[in-house]
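S.K.: So that we are looking at the same thing, I have put the structure below in structure tokens.
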Amino acid sequence: AQKVTQAQTEISVVEKEDVTLDCVYETRDTTYYLFWYKQPPSGELVFLIRRNSFDEQNEISGRYSWNFQKSTSSFNFTITASQVVDSAVYFCALGGAGKSTFGDGTTLTVKP
Amino acid sequence: DAGVTQSPTHLIKTRGQQVTLRCSPKSGHDTVSWYQQALGQGPQFIFQYYEEEERQRGNFPDRFSGHQFPNYSSELNVNALLLGDSALYLCASSKGLFGSPLHFGNGTRLTVT
């Protein structure tokens, strides 16, 4: 069975602070994908980043960066210099052949 | 380029009734998945359709059924509605069966009274 755990239920930061969202996953699959999605107050889930299980190279894309560590089954997501518009619920998801398993989300509030 | 569209946006039904939700995938996508999202929780996978067939199913009873049409659009049907079926139902489309990111619609808010 697959499982995704986002231990942080809510995080509150002040604008321009860096913030890291934690994600730990469980799977018996050897090939899988990890995703982060953002759900703003308007409700529509938006895809942010994807990483496959064979590529542990960490990357930076604009203000987003991610740290994938297979040894600890973690896929953490960092927003640098946070902005008020980053306020949303962030979901980590584990995808295999078809279905994606989502965590329960971390609510990020960025205060001006 | 239209994204994923879902209808209706809101629906109120009575316990025991049946409901049909509709979804049109993003242009170029051939796979449709349905998710149920309860308040304060992450989306839960219901099932996935590809080439007009149900390919994978989550832990949902047979009261939940679906269909995919030749134009890739999809329907989700729920029979014998229970109060616990009240949730946001999300449709997601993607390309192929493995590894593609999901593109979500705005969802249908179903309330069962």
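Ordering of the structure tokens sets the chain letters (A, B, ...), residue numbers begin anew at 1 in every chain, and ligands are numbered from 1 in the order given.
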With a cut-off of 7 Å, could you pull out the residues of chain A touching chain B and give me the nearest pair of atoms for each, distance in Å to one decimal, using only C-alpha atoms, ordered by chain and ascending number, as a tab-separated table?
M.R.:
```
residue	atom	partner	partner_atom	distance
A:Tyr33	CA	B:Gly99	CA	5.9
A:Gly43	CA	B:Asn106	CA	6.3
A:Glu44	CA	B:Asn106	CA	4.8
A:Leu45	CA	B:Phe104	CA	5.8
A:Val46	CA	B:His103	CA	6.9
A:Phe47	CA	B:Pro101	CA	6.7
A:Gly95	CA	B:Gly99	CA	6.4
A:Gly96	CA	B:Phe98	CA	6.2
A:Ala97	CA	B:Phe98	CA	4.8
A:Gly98	CA	B:Leu97	CA	5.1
A:Lys99	CA	B:Phe45	CA	6.5
A:Ser100	CA	B:Phe45	CA	6.9
A:Phe102	CA	B:Gly42	CA	5.6
A:Gly103	CA	B:Gly42	CA	5.6
A:Asp104	CA	B:Gly42	CA	4.2
A:Gly105	CA	B:Gly42	CA	6.1
```
S.K.: Dump N, CA, C and O atoms for the selected residues as a PDB file, in the first residue's frame?
M.R.:
```
ATOM      1  N   TYR A  33       6.701   8.191  -9.094  1.00  0.00           N
ATOM      2  CA  TYR A  33       6.874   9.628  -9.246  1.00  0.00           C
ATOM      3  C   TYR A  33       6.371  10.327  -7.993  1.00  0.00           C
ATOM      4  O   TYR A  33       5.423   9.874  -7.345  1.00  0.00           O
ATOM      5  N   GLY A  43      -9.589  27.030  -4.915  1.00  0.00           N
ATOM      6  CA  GLY A  43      -9.950  25.616  -4.920  1.00  0.00           C
ATOM      7  C   GLY A  43      -9.290  24.729  -5.938  1.00  0.00           C
ATOM      8  O   GLY A  43      -9.222  23.532  -5.736  1.00  0.00           O
ATOM      9  N   GLU A  44      -8.820  25.227  -7.069  1.00  0.00           N
ATOM     10  CA  GLU A  44      -8.285  24.359  -8.117  1.00  0.00           C
ATOM     11  C   GLU A  44      -6.873  23.907  -7.794  1.00  0.00           C
ATOM     12  O   GLU A  44      -5.983  24.719  -7.577  1.00  0.00           O
ATOM     13  N   LEU A  45      -6.671  22.630  -7.781  1.00  0.00           N
ATOM     14  CA  LEU A  45      -5.347  22.046  -7.544  1.00  0.00           C
ATOM     15  C   LEU A  45      -4.462  22.294  -8.755  1.00  0.00           C
ATOM     16  O   LEU A  45      -4.849  22.017  -9.892  1.00  0.00           O
ATOM     17  N   VAL A  46      -3.255  22.795  -8.497  1.00  0.00           N
ATOM     18  CA  VAL A  46      -2.335  23.129  -9.579  1.00  0.00           C
ATOM     19  C   VAL A  46      -1.034  22.360  -9.388  1.00  0.00           C
ATOM     20  O   VAL A  46      -0.445  22.372  -8.306  1.00  0.00           O
ATOM     21  N   PHE A  47      -0.583  21.713 -10.454  1.00  0.00           N
ATOM     22  CA  PHE A  47       0.666  20.974 -10.433  1.00  0.00           C
ATOM     23  C   PHE A  47       1.840  21.934 -10.324  1.00  0.00           C
ATOM     24  O   PHE A  47       1.905  22.955 -11.017  1.00  0.00           O
ATOM     25  N   GLY A  95       2.829   8.968  -7.124  1.00  0.00           N
ATOM     26  CA  GLY A  95       2.151   8.401  -8.273  1.00  0.00           C
ATOM     27  C   GLY A  95       2.893   7.202  -8.827  1.00  0.00           C
ATOM     28  O   GLY A  95       4.111   7.200  -8.927  1.00  0.00           O
ATOM     29  N   GLY A  96       2.096   6.200  -9.180  1.00  0.00           N
ATOM     30  CA  GLY A  96       2.669   5.025  -9.810  1.00  0.00           C
ATOM     31  C   GLY A  96       1.978   4.791 -11.131  1.00  0.00           C
ATOM     32  O   GLY A  96       1.811   5.690 -11.931  1.00  0.00           O
ATOM     33  N   ALA A  97       1.532   3.565 -11.327  1.00  0.00           N
ATOM     34  CA  ALA A  97       0.818   3.232 -12.551  1.00  0.00           C
ATOM     35  C   ALA A  97      -0.625   3.659 -12.441  1.00  0.00           C
ATOM     36  O   ALA A  97      -1.500   2.859 -12.143  1.00  0.00           O
ATOM     37  N   GLY A  98      -0.857   4.913 -12.680  1.00  0.00           N
ATOM     38  CA  GLY A  98      -2.233   5.382 -12.676  1.00  0.00           C
ATOM     39  C   GLY A  98      -2.592   6.257 -11.499  1.00  0.00           C
ATOM     40  O   GLY A  98      -2.560   7.463 -11.571  1.00  0.00           O
ATOM     41  N   LYS A  99      -2.903   5.637 -10.389  1.00  0.00           N
ATOM     42  CA  LYS A  99      -3.422   6.405  -9.266  1.00  0.00           C
ATOM     43  C   LYS A  99      -2.331   7.221  -8.598  1.00  0.00           C
ATOM     44  O   LYS A  99      -1.151   6.881  -8.636  1.00  0.00           O
ATOM     45  N   SER A 100      -2.752   8.330  -8.020  1.00  0.00           N
ATOM     46  CA  SER A 100      -1.868   9.121  -7.183  1.00  0.00           C
ATOM     47  C   SER A 100      -2.420   9.119  -5.770  1.00  0.00           C
ATOM     48  O   SER A 100      -3.626   9.255  -5.562  1.00  0.00           O
ATOM     49  N   PHE A 102      -2.358  11.032  -2.232  1.00  0.00           N
ATOM     50  CA  PHE A 102      -2.072  12.361  -1.712  1.00  0.00           C
ATOM     51  C   PHE A 102      -1.945  12.343  -0.198  1.00  0.00           C
ATOM     52  O   PHE A 102      -2.608  11.562   0.495  1.00  0.00           O
ATOM     53  N   GLY A 103      -1.090  13.254   0.311  1.00  0.00           N
ATOM     54  CA  GLY A 103      -1.094  13.529   1.738  1.00  0.00           C
ATOM     55  C   GLY A 103      -2.287  14.404   2.078  1.00  0.00           C
ATOM     56  O   GLY A 103      -3.060  14.791   1.190  1.00  0.00           O
ATOM     57  N   ASP A 104      -2.423  14.731   3.353  1.00  0.00           N
ATOM     58  CA  ASP A 104      -3.551  15.541   3.792  1.00  0.00           C
ATOM     59  C   ASP A 104      -3.288  17.038   3.684  1.00  0.00           C
ATOM     60  O   ASP A 104      -4.131  17.844   4.053  1.00  0.00           O
ATOM     61  N   GLY A 105      -2.116  17.402   3.206  1.00  0.00           N
ATOM     62  CA  GLY A 105      -1.848  18.797   2.909  1.00  0.00           C
ATOM     63  C   GLY A 105      -1.277  19.591   4.070  1.00  0.00           C
ATOM     64  O   GLY A 105      -1.465  19.266   5.241  1.00  0.00           O
TER      65      GLY A 105
END
```
S.K.: Would you mind reading off the distance between atom CA of Glu54 of chain B and atom CA of Ser93 of chain B, one decimal, in Å?
M.R.: 13.9 Å
S.K.: Find the residues around segment 64-71 of chain A up to 9 Å (only C-alpha atoms counted), leave out those fewer than 3 positions away in its own chain, and share them as a PyMOL selection string.
M.R.: chain A and resi 20+34+48-49+51+53+55-61+74-80
S.K.: Taking 4 positions as the minimum chain separation for residues in the same chain, which residues sit within 6 Å of Glu15 of chain A when counting only C-alpha atoms? Answer as a compact mmCIF listing (two decimals) with C-alpha atoms, in the first residue's frame.
M.R.:
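Result file around-v7.txt:
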```
# COMPACT_ATOMS: atom_id res chain seq x y z
CA SER A 82 7.76 33.67 0.30
CA GLN A 83 5.02 35.98 -0.94
CA VAL A 110 2.18 34.04 4.35
CA LYS A 111 1.56 37.27 6.23
CA PRO A 112 2.55 40.65 4.79
```
S.K.: In segment 11-90 of chain A, what's strand (DSSP E or B) per DSSP? Answer as a compact mmCIF listing (two decimals) with all heavy atoms, in the first residue's frame?
M.R.:
```txt
# COMPACT_ATOMS: atom_id res chain seq x y z
N ILE A 11 1.44 26.02 8.62
CA ILE A 11 2.65 26.81 8.79
C ILE A 11 2.30 28.26 8.51
O ILE A 11 1.60 28.57 7.55
CB ILE A 11 3.77 26.37 7.82
CG1 ILE A 11 4.18 24.92 8.07
CG2 ILE A 11 4.98 27.28 7.97
CD1 ILE A 11 5.22 24.42 7.07
N SER A 12 2.82 29.14 9.37
CA SER A 12 2.61 30.57 9.15
C SER A 12 3.97 31.27 9.13
O SER A 12 4.79 31.04 10.03
CB SER A 12 1.73 31.15 10.27
OG SER A 12 1.51 32.52 10.06
N VAL A 13 4.22 32.05 8.10
CA VAL A 13 5.47 32.79 7.98
C VAL A 13 5.17 34.22 7.59
O VAL A 13 4.06 34.56 7.17
CB VAL A 13 6.42 32.15 6.94
CG1 VAL A 13 6.76 30.72 7.32
CG2 VAL A 13 5.81 32.21 5.55
N VAL A 14 6.18 35.04 7.73
CA VAL A 14 6.08 36.43 7.30
C VAL A 14 6.70 36.54 5.92
O VAL A 14 7.67 35.84 5.60
CB VAL A 14 6.79 37.37 8.29
CG1 VAL A 14 6.75 38.81 7.80
CG2 VAL A 14 6.13 37.26 9.67
N VAL A 19 10.48 28.95 3.46
CA VAL A 19 9.67 27.95 4.17
C VAL A 19 9.84 26.59 3.49
O VAL A 19 9.87 26.50 2.25
CB VAL A 19 8.18 28.37 4.20
CG1 VAL A 19 7.63 28.60 2.81
CG2 VAL A 19 7.35 27.37 4.97
N THR A 20 9.98 25.56 4.29
CA THR A 20 10.14 24.19 3.79
C THR A 20 8.96 23.34 4.23
O THR A 20 8.63 23.30 5.42
CB THR A 20 11.45 23.56 4.28
OG1 THR A 20 12.55 24.28 3.71
CG2 THR A 20 11.56 22.11 3.82
N LEU A 21 8.36 22.67 3.27
CA LEU A 21 7.24 21.77 3.53
C LEU A 21 7.75 20.33 3.46
O LEU A 21 8.41 19.95 2.49
CB LEU A 21 6.13 21.99 2.49
CG LEU A 21 5.68 23.44 2.29
CD1 LEU A 21 4.59 23.52 1.24
CD2 LEU A 21 5.23 24.06 3.60
N VAL A 24 6.88 12.74 3.62
CA VAL A 24 7.46 11.41 3.75
C VAL A 24 6.51 10.42 3.10
O VAL A 24 5.29 10.53 3.26
CB VAL A 24 7.67 11.04 5.24
CG1 VAL A 24 8.14 9.61 5.38
CG2 VAL A 24 8.67 11.99 5.88
N TYR A 25 7.05 9.47 2.36
CA TYR A 25 6.18 8.57 1.62
C TYR A 25 6.58 7.12 1.87
O TYR A 25 7.69 6.83 2.33
CB TYR A 25 6.24 8.88 0.12
CG TYR A 25 7.61 8.66 -0.49
CD1 TYR A 25 7.95 7.44 -1.07
CD2 TYR A 25 8.56 9.67 -0.47
CE1 TYR A 25 9.20 7.23 -1.61
CE2 TYR A 25 9.82 9.47 -1.00
CZ TYR A 25 10.13 8.25 -1.58
OH TYR A 25 11.38 8.05 -2.10
N GLU A 26 5.63 6.23 1.58
CA GLU A 26 5.87 4.79 1.68
C GLU A 26 5.35 4.14 0.41
O GLU A 26 4.23 4.39 -0.03
CB GLU A 26 5.11 4.19 2.88
CG GLU A 26 5.56 4.68 4.24
CD GLU A 26 4.70 4.10 5.34
OE1 GLU A 26 4.14 3.00 5.16
OE2 GLU A 26 4.57 4.76 6.38
N TYR A 33 6.70 8.19 -9.09
CA TYR A 33 6.87 9.63 -9.25
C TYR A 33 6.37 10.33 -7.99
O TYR A 33 5.42 9.87 -7.35
CB TYR A 33 6.09 10.14 -10.46
CG TYR A 33 6.70 9.78 -11.78
CD1 TYR A 33 6.47 8.53 -12.36
CD2 TYR A 33 7.50 10.68 -12.46
CE1 TYR A 33 7.04 8.19 -13.57
CE2 TYR A 33 8.06 10.35 -13.68
CZ TYR A 33 7.83 9.11 -14.24
OH TYR A 33 8.39 8.79 -15.44
N LEU A 34 6.98 11.43 -7.69
CA LEU A 34 6.56 12.28 -6.58
C LEU A 34 6.19 13.65 -7.12
O LEU A 34 6.84 14.16 -8.03
CB LEU A 34 7.68 12.40 -5.56
CG LEU A 34 8.03 11.11 -4.82
CD1 LEU A 34 9.39 11.19 -4.19
CD2 LEU A 34 6.96 10.80 -3.77
N PHE A 35 5.14 14.22 -6.56
CA PHE A 35 4.61 15.48 -7.04
C PHE A 35 4.33 16.42 -5.86
O PHE A 35 4.06 15.98 -4.75
CB PHE A 35 3.27 15.28 -7.78
CG PHE A 35 3.31 14.29 -8.91
CD1 PHE A 35 3.14 12.94 -8.66
CD2 PHE A 35 3.47 14.72 -10.21
CE1 PHE A 35 3.15 12.02 -9.71
CE2 PHE A 35 3.47 13.81 -11.26
CZ PHE A 35 3.32 12.47 -11.01
N TRP A 36 4.35 17.72 -6.18
CA TRP A 36 3.77 18.71 -5.28
C TRP A 36 2.71 19.48 -6.06
O TRP A 36 2.93 19.86 -7.22
CB TRP A 36 4.84 19.68 -4.76
CG TRP A 36 5.60 19.15 -3.59
CD1 TRP A 36 6.81 18.52 -3.60
CD2 TRP A 36 5.21 19.21 -2.22
NE1 TRP A 36 7.18 18.17 -2.33
CE2 TRP A 36 6.23 18.59 -1.46
CE3 TRP A 36 4.11 19.73 -1.54
CZ2 TRP A 36 6.17 18.47 -0.06
CZ3 TRP A 36 4.04 19.62 -0.16
CH2 TRP A 36 5.07 18.99 0.56
N TYR A 37 1.57 19.66 -5.38
CA TYR A 37 0.46 20.42 -5.93
C TYR A 37 0.11 21.54 -4.97
O TYR A 37 0.27 21.42 -3.76
CB TYR A 37 -0.78 19.53 -6.13
CG TYR A 37 -0.64 18.48 -7.21
CD1 TYR A 37 -0.09 17.23 -6.91
CD2 TYR A 37 -1.07 18.72 -8.51
CE1 TYR A 37 0.02 16.25 -7.89
CE2 TYR A 37 -0.96 17.74 -9.49
CZ TYR A 37 -0.41 16.51 -9.16
OH TYR A 37 -0.29 15.55 -10.14
N LYS A 38 -0.45 22.61 -5.52
CA LYS A 38 -0.88 23.76 -4.72
C LYS A 38 -2.38 23.95 -4.90
O LYS A 38 -2.89 23.88 -6.02
CB LYS A 38 -0.14 25.01 -5.20
CG LYS A 38 -0.59 26.32 -4.58
CD LYS A 38 0.20 27.47 -5.21
CE LYS A 38 -0.23 28.82 -4.65
NZ LYS A 38 0.53 29.94 -5.26
N GLN A 39 -3.09 24.16 -3.81
CA GLN A 39 -4.52 24.42 -3.87
C GLN A 39 -4.80 25.75 -3.19
O GLN A 39 -4.93 25.85 -1.98
CB GLN A 39 -5.31 23.29 -3.19
CG GLN A 39 -6.82 23.38 -3.41
CD GLN A 39 -7.56 22.16 -2.91
OE1 GLN A 39 -7.22 21.58 -1.88
NE2 GLN A 39 -8.60 21.73 -3.64
N VAL A 46 -3.26 22.79 -8.50
CA VAL A 46 -2.33 23.13 -9.58
C VAL A 46 -1.03 22.36 -9.39
O VAL A 46 -0.45 22.37 -8.31
CB VAL A 46 -2.05 24.65 -9.60
CG1 VAL A 46 -1.03 24.97 -10.68
CG2 VAL A 46 -3.33 25.43 -9.82
N PHE A 47 -0.58 21.71 -10.45
CA PHE A 47 0.67 20.97 -10.43
C PHE A 47 1.84 21.93 -10.32
O PHE A 47 1.91 22.95 -11.02
CB PHE A 47 0.78 20.14 -11.71
CG PHE A 47 2.16 19.66 -12.03
CD1 PHE A 47 2.75 18.65 -11.27
CD2 PHE A 47 2.87 20.19 -13.09
CE1 PHE A 47 4.02 18.20 -11.57
CE2 PHE A 47 4.14 19.74 -13.40
CZ PHE A 47 4.72 18.75 -12.63
N LEU A 48 2.81 21.61 -9.45
CA LEU A 48 4.00 22.44 -9.29
C LEU A 48 5.25 21.75 -9.81
O LEU A 48 5.93 22.26 -10.69
CB LEU A 48 4.19 22.81 -7.81
CG LEU A 48 3.12 23.67 -7.17
CD1 LEU A 48 3.43 23.87 -5.69
CD2 LEU A 48 3.01 25.02 -7.89
N ILE A 49 5.59 20.60 -9.23
CA ILE A 49 6.83 19.92 -9.59
C ILE A 49 6.65 18.41 -9.58
O ILE A 49 5.75 17.88 -8.94
CB ILE A 49 7.99 20.29 -8.64
CG1 ILE A 49 7.62 19.93 -7.20
CG2 ILE A 49 8.37 21.74 -8.76
CD1 ILE A 49 8.77 20.11 -6.23
N ARG A 50 7.53 17.71 -10.30
CA ARG A 50 7.53 16.25 -10.37
C ARG A 50 8.96 15.76 -10.30
O ARG A 50 9.88 16.38 -10.84
CB ARG A 50 6.90 15.79 -11.67
CG ARG A 50 6.97 14.28 -11.89
CD ARG A 50 6.38 13.87 -13.23
NE ARG A 50 7.16 14.37 -14.35
CZ ARG A 50 6.92 14.02 -15.60
NH1 ARG A 50 5.93 13.21 -15.90
NH2 ARG A 50 7.65 14.51 -16.58
N ARG A 51 9.13 14.62 -9.66
CA ARG A 51 10.44 13.97 -9.60
C ARG A 51 10.23 12.47 -9.74
O ARG A 51 9.34 11.92 -9.11
CB ARG A 51 11.13 14.30 -8.27
CG ARG A 51 12.42 13.59 -8.02
CD ARG A 51 13.42 13.91 -9.09
NE ARG A 51 13.79 15.33 -9.08
CZ ARG A 51 14.33 15.96 -10.09
NH1 ARG A 51 14.57 15.34 -11.22
NH2 ARG A 51 14.64 17.23 -9.99
N ASN A 52 11.03 11.77 -10.55
CA ASN A 52 10.89 10.32 -10.63
C ASN A 52 11.87 9.65 -9.69
O ASN A 52 12.86 10.25 -9.26
CB ASN A 52 11.04 9.82 -12.07
CG ASN A 52 12.47 9.90 -12.58
OD1 ASN A 52 13.38 9.38 -11.94
ND2 ASN A 52 12.66 10.53 -13.71
N GLU A 59 16.75 20.13 -7.48
CA GLU A 59 16.70 21.21 -8.45
C GLU A 59 16.10 22.47 -7.85
O GLU A 59 15.46 22.45 -6.80
CB GLU A 59 15.86 20.79 -9.66
CG GLU A 59 16.52 19.75 -10.53
CD GLU A 59 15.78 19.55 -11.84
OE1 GLU A 59 15.00 20.44 -12.23
OE2 GLU A 59 15.98 18.49 -12.46
N ILE A 60 16.35 23.54 -8.56
CA ILE A 60 15.76 24.82 -8.20
C ILE A 60 15.04 25.34 -9.45
O ILE A 60 15.58 25.29 -10.55
CB ILE A 60 16.84 25.83 -7.76
CG1 ILE A 60 17.56 25.32 -6.51
CG2 ILE A 60 16.23 27.20 -7.52
CD1 ILE A 60 18.74 26.17 -6.09
N SER A 61 13.83 25.81 -9.24
CA SER A 61 13.08 26.42 -10.33
C SER A 61 12.48 27.72 -9.81
O SER A 61 11.47 27.70 -9.09
CB SER A 61 11.99 25.47 -10.82
OG SER A 61 11.18 26.09 -11.80
N TYR A 64 11.15 28.06 -6.19
CA TYR A 64 10.89 26.71 -5.69
C TYR A 64 12.15 25.85 -5.77
O TYR A 64 12.91 25.92 -6.73
CB TYR A 64 9.81 26.02 -6.53
CG TYR A 64 8.45 26.67 -6.53
CD1 TYR A 64 7.55 26.42 -7.57
CD2 TYR A 64 8.05 27.51 -5.51
CE1 TYR A 64 6.29 27.00 -7.58
CE2 TYR A 64 6.79 28.09 -5.52
CZ TYR A 64 5.92 27.83 -6.55
OH TYR A 64 4.66 28.41 -6.56
N SER A 65 12.35 25.03 -4.76
CA SER A 65 13.39 24.00 -4.83
C SER A 65 12.88 22.78 -4.09
O SER A 65 11.96 22.86 -3.29
CB SER A 65 14.71 24.50 -4.22
OG SER A 65 14.54 24.79 -2.84
N TRP A 66 13.48 21.62 -4.41
CA TRP A 66 13.02 20.41 -3.75
C TRP A 66 14.20 19.50 -3.45
O TRP A 66 15.21 19.50 -4.13
CB TRP A 66 11.96 19.67 -4.58
CG TRP A 66 12.27 19.49 -6.01
CD1 TRP A 66 12.76 18.38 -6.62
CD2 TRP A 66 12.07 20.44 -7.05
NE1 TRP A 66 12.89 18.59 -7.97
CE2 TRP A 66 12.47 19.85 -8.26
CE3 TRP A 66 11.59 21.76 -7.08
CZ2 TRP A 66 12.40 20.51 -9.48
CZ3 TRP A 66 11.53 22.43 -8.29
CH2 TRP A 66 11.94 21.80 -9.46
N ASN A 67 14.02 18.74 -2.39
CA ASN A 67 15.06 17.87 -1.88
C ASN A 67 14.48 16.45 -1.79
O ASN A 67 13.67 16.16 -0.93
CB ASN A 67 15.51 18.36 -0.49
CG ASN A 67 16.68 17.55 0.03
OD1 ASN A 67 16.96 16.45 -0.44
ND2 ASN A 67 17.37 18.11 1.01
N PHE A 68 14.91 15.59 -2.72
CA PHE A 68 14.43 14.21 -2.76
C PHE A 68 15.51 13.31 -2.20
O PHE A 68 16.62 13.28 -2.72
CB PHE A 68 14.11 13.84 -4.21
CG PHE A 68 13.75 12.38 -4.43
CD1 PHE A 68 13.00 11.68 -3.51
CD2 PHE A 68 14.18 11.73 -5.57
CE1 PHE A 68 12.68 10.35 -3.72
CE2 PHE A 68 13.85 10.40 -5.80
CZ PHE A 68 13.11 9.71 -4.87
N GLN A 69 15.20 12.59 -1.15
CA GLN A 69 16.14 11.66 -0.55
C GLN A 69 15.48 10.28 -0.45
O GLN A 69 14.64 10.05 0.42
CB GLN A 69 16.60 12.15 0.83
CG GLN A 69 17.46 13.40 0.77
CD GLN A 69 18.16 13.67 2.10
OE1 GLN A 69 17.64 13.33 3.15
NE2 GLN A 69 19.32 14.30 2.02
N SER A 74 11.91 10.79 1.63
CA SER A 74 11.41 12.14 1.85
C SER A 74 11.50 12.97 0.57
O SER A 74 12.40 12.77 -0.26
CB SER A 74 12.16 12.82 2.98
OG SER A 74 13.51 13.02 2.61
N PHE A 75 10.56 13.86 0.42
CA PHE A 75 10.50 14.73 -0.76
C PHE A 75 10.04 16.10 -0.28
O PHE A 75 8.87 16.45 -0.35
CB PHE A 75 9.54 14.13 -1.78
CG PHE A 75 9.48 14.88 -3.10
CD1 PHE A 75 10.62 15.19 -3.81
CD2 PHE A 75 8.25 15.26 -3.63
CE1 PHE A 75 10.57 15.87 -5.02
CE2 PHE A 75 8.18 15.94 -4.85
CZ PHE A 75 9.34 16.24 -5.53
N ASN A 76 11.00 16.89 0.21
CA ASN A 76 10.66 18.17 0.81
C ASN A 76 10.69 19.29 -0.22
O ASN A 76 11.47 19.25 -1.18
CB ASN A 76 11.62 18.48 1.96
CG ASN A 76 11.51 17.45 3.06
OD1 ASN A 76 10.48 16.79 3.23
ND2 ASN A 76 12.58 17.28 3.82
N PHE A 77 9.89 20.29 0.03
CA PHE A 77 9.67 21.37 -0.93
C PHE A 77 9.93 22.70 -0.24
O PHE A 77 9.39 22.94 0.84
CB PHE A 77 8.23 21.27 -1.45
CG PHE A 77 7.78 22.38 -2.36
CD1 PHE A 77 8.40 22.58 -3.58
CD2 PHE A 77 6.71 23.19 -2.01
CE1 PHE A 77 7.97 23.58 -4.43
CE2 PHE A 77 6.29 24.20 -2.86
CZ PHE A 77 6.92 24.40 -4.07
N THR A 78 10.75 23.55 -0.85
CA THR A 78 11.10 24.83 -0.24
C THR A 78 10.68 25.98 -1.13
O THR A 78 10.91 25.95 -2.34
CB THR A 78 12.60 24.91 0.04
OG1 THR A 78 12.96 23.88 0.99
CG2 THR A 78 12.99 26.27 0.60
N ILE A 79 10.06 26.96 -0.51
CA ILE A 79 9.76 28.22 -1.20
C ILE A 79 10.68 29.27 -0.61
O ILE A 79 10.70 29.51 0.61
CB ILE A 79 8.28 28.64 -0.99
CG1 ILE A 79 7.34 27.54 -1.48
CG2 ILE A 79 8.00 29.95 -1.73
CD1 ILE A 79 5.87 27.82 -1.16
N ALA A 88 -1.68 29.02 0.53
CA ALA A 88 -2.47 27.96 -0.10
C ALA A 88 -2.29 26.68 0.71
O ALA A 88 -1.52 26.65 1.68
CB ALA A 88 -2.01 27.72 -1.54
N VAL A 89 -2.99 25.65 0.29
CA VAL A 89 -2.73 24.31 0.83
C VAL A 89 -1.84 23.58 -0.17
O VAL A 89 -2.13 23.58 -1.37
CB VAL A 89 -4.04 23.51 1.05
CG1 VAL A 89 -3.72 22.14 1.66
CG2 VAL A 89 -4.99 24.28 1.95
N TYR A 90 -0.77 23.00 0.33
CA TYR A 90 0.18 22.30 -0.52
C TYR A 90 0.09 20.80 -0.26
O TYR A 90 0.14 20.35 0.90
CB TYR A 90 1.61 22.80 -0.26
CG TYR A 90 1.82 24.20 -0.78
CD1 TYR A 90 1.41 25.30 -0.03
CD2 TYR A 90 2.41 24.42 -2.02
CE1 TYR A 90 1.59 26.59 -0.50
CE2 TYR A 90 2.58 25.71 -2.51
CZ TYR A 90 2.18 26.79 -1.74
OH TYR A 90 2.33 28.05 -2.22
```
S.K.: Here is a test: counting only C-alpha atoms, which residue of B:Ser7, B:Ser73, B:Val78, B:Gln17 is nearest to Pro61 of chain B?
M.R.: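 Among the listed residues, B:Val78 lies closest to Pro61 of chain B.
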S.K.: What is the atom CA of Ala80 of chain B to atom CA of Pro8 of chain B distance in Å?
M.R.: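 Separation of atom CA of Ala80 of chain B and atom CA of Pro8 of chain B: 19.1 Å.
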S.K.: If we count only C-alpha atoms and set the cut-off at 9 Å, which residues sit around Phe54 of chain A, ignoring sequence neighbours fewer than 4 positions away in its own chain? Please answer as a list in words.
M.R.: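 Once the adjacent positions are removed, what remains is Thr30, Thr31 and Tyr32 of chain A.
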S.K.: Would you pick out the contacts of Ala81 of chain A at 6 Å or less, using only C-alpha atoms, so that residues sharing its chain but fewer than 2 positions from it are not included, and give the list as a PyMOL selection string?
M.R.: chain A and resi 16-18
